[in-house]
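Report on the following structure.
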Amino acid sequence: MSALKGPILVLLGSLCFSTTGLMQVLAPQGANAVSTAFFRMAVGSICLFIWCFFTGQLRFDWKTLPWKRIIACALCLTEAQVFFFSSVKDVGVAVGTVVYIGVAPCAAAIFAFLLYRKKPSTVWWLSTALAITGVVLMNDLSAGHLGDMSAMGFIVAAGFGYALYVTISPVLLERLSAEASIAIISSLVSLALLPAALCMPMQWVLSPMGLFTVFDLGIVTAGLAFTLVLNGLKQTDSTVASTLLLGEPLGAVGWGVLLLGEQIGFIGYCGMTMVFFSIVLLCWEQHRRSKTQDC
């Protein structure tokens, strides 16, 4: 069971990420992508700093921290959010999300090989292909919805940025806790997004639903989600974790059906089944490898 701890934490993180779309639907009129992303990272970092302060996780020498790696992680997350949110309307939310999430596992495999000479297993290739196909089917996409190809290029770049973050961030755990790492990174991302956010309308935040949206996004989809994933990366390869994160659209569809009354057809259910079995396949592979190493 200990071998599955890492993948389970990553899956729980992806489930937290999956509520992002739900909260954007529930957000009051006037909410925009840039200010939402800013408040998400700012509230997440503040909550994590408070948690780390009271749990004694900030007792380290700030001067000796691996700042180059921390800044690199912050730049990757900032790039991913800016490129994704600035282009997703031009290609469509469904297509943009599928491309962004689908590119990440393949990009993570490339970065893992270039940086650490790690080659994905045959099971990973099979499960990743199964998961990406399932995500496409869940959204019932067709080639006629591709939209602006230049914007699509930015979506792909966003996927590569997030994949690089997933690949390089586990090194931070050698010096910091996951909570402290995400607190610092999120604060840097929010500072980077602040100039753009100040140019956007923010009155929506002052409403009761606006405050609820911001705090839910900050605590659940930023602070908790990123912390769970980073903790999971302690025991999970970045390539495997990036594929497990494809559970996010699976959770998003589930929230839509359960809470928003959305309906999906037979093809959508087939896609959900494929994503589910790809996750089971990866977890089985992780468990099998652990038993082999123990022997």
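Residue numbers start at 1 in each chain; chains themselves are named A, B, ... in the order of the structure tokens; ligands are numbered from 1 in the order shown.
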- Residues within 12 Å of A:Ser86, only C-alpha atoms, excluding chain neighbours under 4 positions, as a ChimeraX atom specification: /A:32-35,37,78-82,90-93,96,150-155,157-158,196
- Message: What's around A:Val166 at 10 Å? Count only C-alpha atoms, leave out sequence neighbours fewer than 6 positions away in its own chain, and write the answer as a ChimeraX atom specification.
- Response: /A:73,76-77,104-105,108,111-112,160,229-230,233,237-239,241-242
Applying 6 Å and only C-alpha atoms, which residues near stretch 24-30 of chain A remain after dropping the ones on its own chain fewer than 3 positions away? List them as a CSV table (one decimal) with N, CA, C and O atoms, in the first residue's frame.
```csv
chain,number,residue,atom,x,y,z
A,21,GLY,N,-12.9,24.5,-12.6
A,21,GLY,CA,-13.9,24.8,-13.6
A,21,GLY,C,-15.3,25.0,-12.9
A,21,GLY,O,-16.0,25.9,-13.3
A,204,TRP,N,-16.1,42.2,-8.5
A,204,TRP,CA,-16.7,40.9,-8.3
A,204,TRP,C,-16.3,40.2,-7.0
A,204,TRP,O,-17.0,39.4,-6.4
A,210,GLY,N,-18.3,36.0,-4.7
A,210,GLY,CA,-16.9,36.3,-5.1
A,210,GLY,C,-15.9,35.9,-4.1
A,210,GLY,O,-14.8,35.3,-4.4
A,213,THR,N,-15.7,32.1,-3.9
A,213,THR,CA,-14.9,31.6,-5.1
A,213,THR,C,-13.4,31.8,-4.9
A,213,THR,O,-12.7,30.8,-5.1
```
- Tell me, as a PyMOL selection string, which residues lie within 9 Å of A:Ile46, counting only C-alpha atoms; anything in the same chain fewer than 2 positions away does not count. chain A and resi 41-44+48-51+183+186-187+218+223
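Excluding A:Thr221 itself and any same-chain residue fewer than 4 positions from it, the protein and nucleic acid residues within 8 Å of it, counting only C-alpha atoms, are Cys16, Phe17, Ser18, Thr19, Thr20, Arg40, Asp216, Leu217, Ala225 and Phe226 of chain A.
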- How many Å lie between atom CA of A:Leu130 and atom CA of A:Val171, rounded to one decimal? 29.2 Å
- Please return as a PyMOL selection string: the residues of stretch 21-160 of chain A that backbone DSSP assigns to alpha helix (DSSP H). chain A and resi 21-26+33-54+67-91+93-116+122-139+149-160
Can you list, as a JSON list (two decimals) with N, CA, C and O atoms, in the first residue's frame, every protein, DNA or RNA residue that comes within 8 Å of A:Leu172 when you count only C-alpha atoms, leaving out same-chain residues fewer than 3 positions away?
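Produced file result03.json, reproduced below:
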```
[["chain", "number", "residue", "atom", "x", "y", "z"],
["A", 66, "PRO", "N", 17.37, 27.01, -2.44],
["A", 66, "PRO", "CA", 17.70, 26.85, -3.88],
["A", 66, "PRO", "C", 16.87, 27.80, -4.73],
["A", 66, "PRO", "O", 15.93, 27.41, -5.43],
["A", 69, "ARG", "N", 16.12, 27.21, -8.50],
["A", 69, "ARG", "CA", 15.10, 26.21, -8.79],
["A", 69, "ARG", "C", 13.70, 26.72, -8.41],
["A", 69, "ARG", "O", 12.73, 26.48, -9.12],
["A", 70, "ILE", "N", 13.63, 27.46, -7.30],
["A", 70, "ILE", "CA", 12.34, 28.03, -6.88],
["A", 70, "ILE", "C", 11.82, 29.02, -7.92],
["A", 70, "ILE", "O", 10.64, 28.99, -8.30],
["A", 169, "SER", "N", 10.23, 20.37, -9.86],
["A", 169, "SER", "CA", 9.83, 20.77, -8.50],
["A", 169, "SER", "C", 10.19, 19.76, -7.41],
["A", 169, "SER", "O", 10.44, 20.19, -6.26],
["A", 175, "ARG", "N", 15.16, 20.23, 0.53],
["A", 175, "ARG", "CA", 15.47, 21.32, 1.45],
["A", 175, "ARG", "C", 14.24, 21.87, 2.17],
["A", 175, "ARG", "O", 14.38, 22.46, 3.25],
["A", 176, "LEU", "N", 13.07, 21.70, 1.57],
["A", 176, "LEU", "CA", 11.85, 22.30, 2.12],
["A", 176, "LEU", "C", 10.72, 21.28, 2.18],
["A", 176, "LEU", "O", 10.74, 20.29, 1.46],
["A", 177, "SER", "N", 9.74, 21.56, 3.02],
["A", 177, "SER", "CA", 8.52, 20.76, 2.99],
["A", 177, "SER", "C", 7.72, 21.15, 1.76],
["A", 177, "SER", "O", 7.92, 22.22, 1.17],
["A", 178, "ALA", "N", 6.79, 20.30, 1.39],
["A", 178, "ALA", "CA", 5.95, 20.60, 0.22],
["A", 178, "ALA", "C", 5.14, 21.86, 0.46],
["A", 178, "ALA", "O", 5.00, 22.70, -0.44],
["A", 181, "SER", "N", 7.39, 24.93, 0.16],
["A", 181, "SER", "CA", 7.78, 25.11, -1.25],
["A", 181, "SER", "C", 6.66, 25.77, -2.04],
["A", 181, "SER", "O", 6.88, 26.76, -2.77]]
```
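With only C-alpha atoms as the atoms that count, the minimum distance from A:Ile101 to the choices A:Ala180, A:Leu246, A:Ile185, A:Ala72 is reached by A:Leu246.
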- Got a sec: who's within 9 Å of A:Met274, counting only C-alpha atoms, leaving out chain neighbours fewer than 4 positions off, as a PyMOL selection string? chain A and resi 127+130-135+269-270+278-279
- Looking at only C-alpha atoms, which of A:Leu137, A:Leu22, A:Leu228, A:Leu206 is the one that sits closest to A:Ile182? A:Leu228
- Task: Could you jot down the atom CA of A:Lys68 to atom CA of A:Pro170 separation for me, Å, one decimal place?
- Result: 13.8 Å
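For the set A:Gln263, A:Glu285, A:Gly268, A:Gly251, the residue with the smallest atom-to-atom gap to A:Leu11 is A:Gly251, counting only C-alpha atoms.
Put simply, atom CA of A:Glu174 is 27.3 Å away from atom CA of A:Trp284.
The closest residue to A:Thr167, picked from A:Trp67, A:Phe113, A:Phe83, A:Phe39 and counting only C-alpha atoms, is A:Phe113.
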- Using only C-alpha atoms: which of A:Leu258, A:Gln286, A:Tyr100, A:Ala252 has the shortest distance to A:Gly161: A:Tyr100
- Task: May I ask which of the residues A:Ala74, A:Leu126, A:Leu9, A:Ala222 is the closest one to A:Ile184, counting only C-alpha atoms?
- Result: A:Ala74
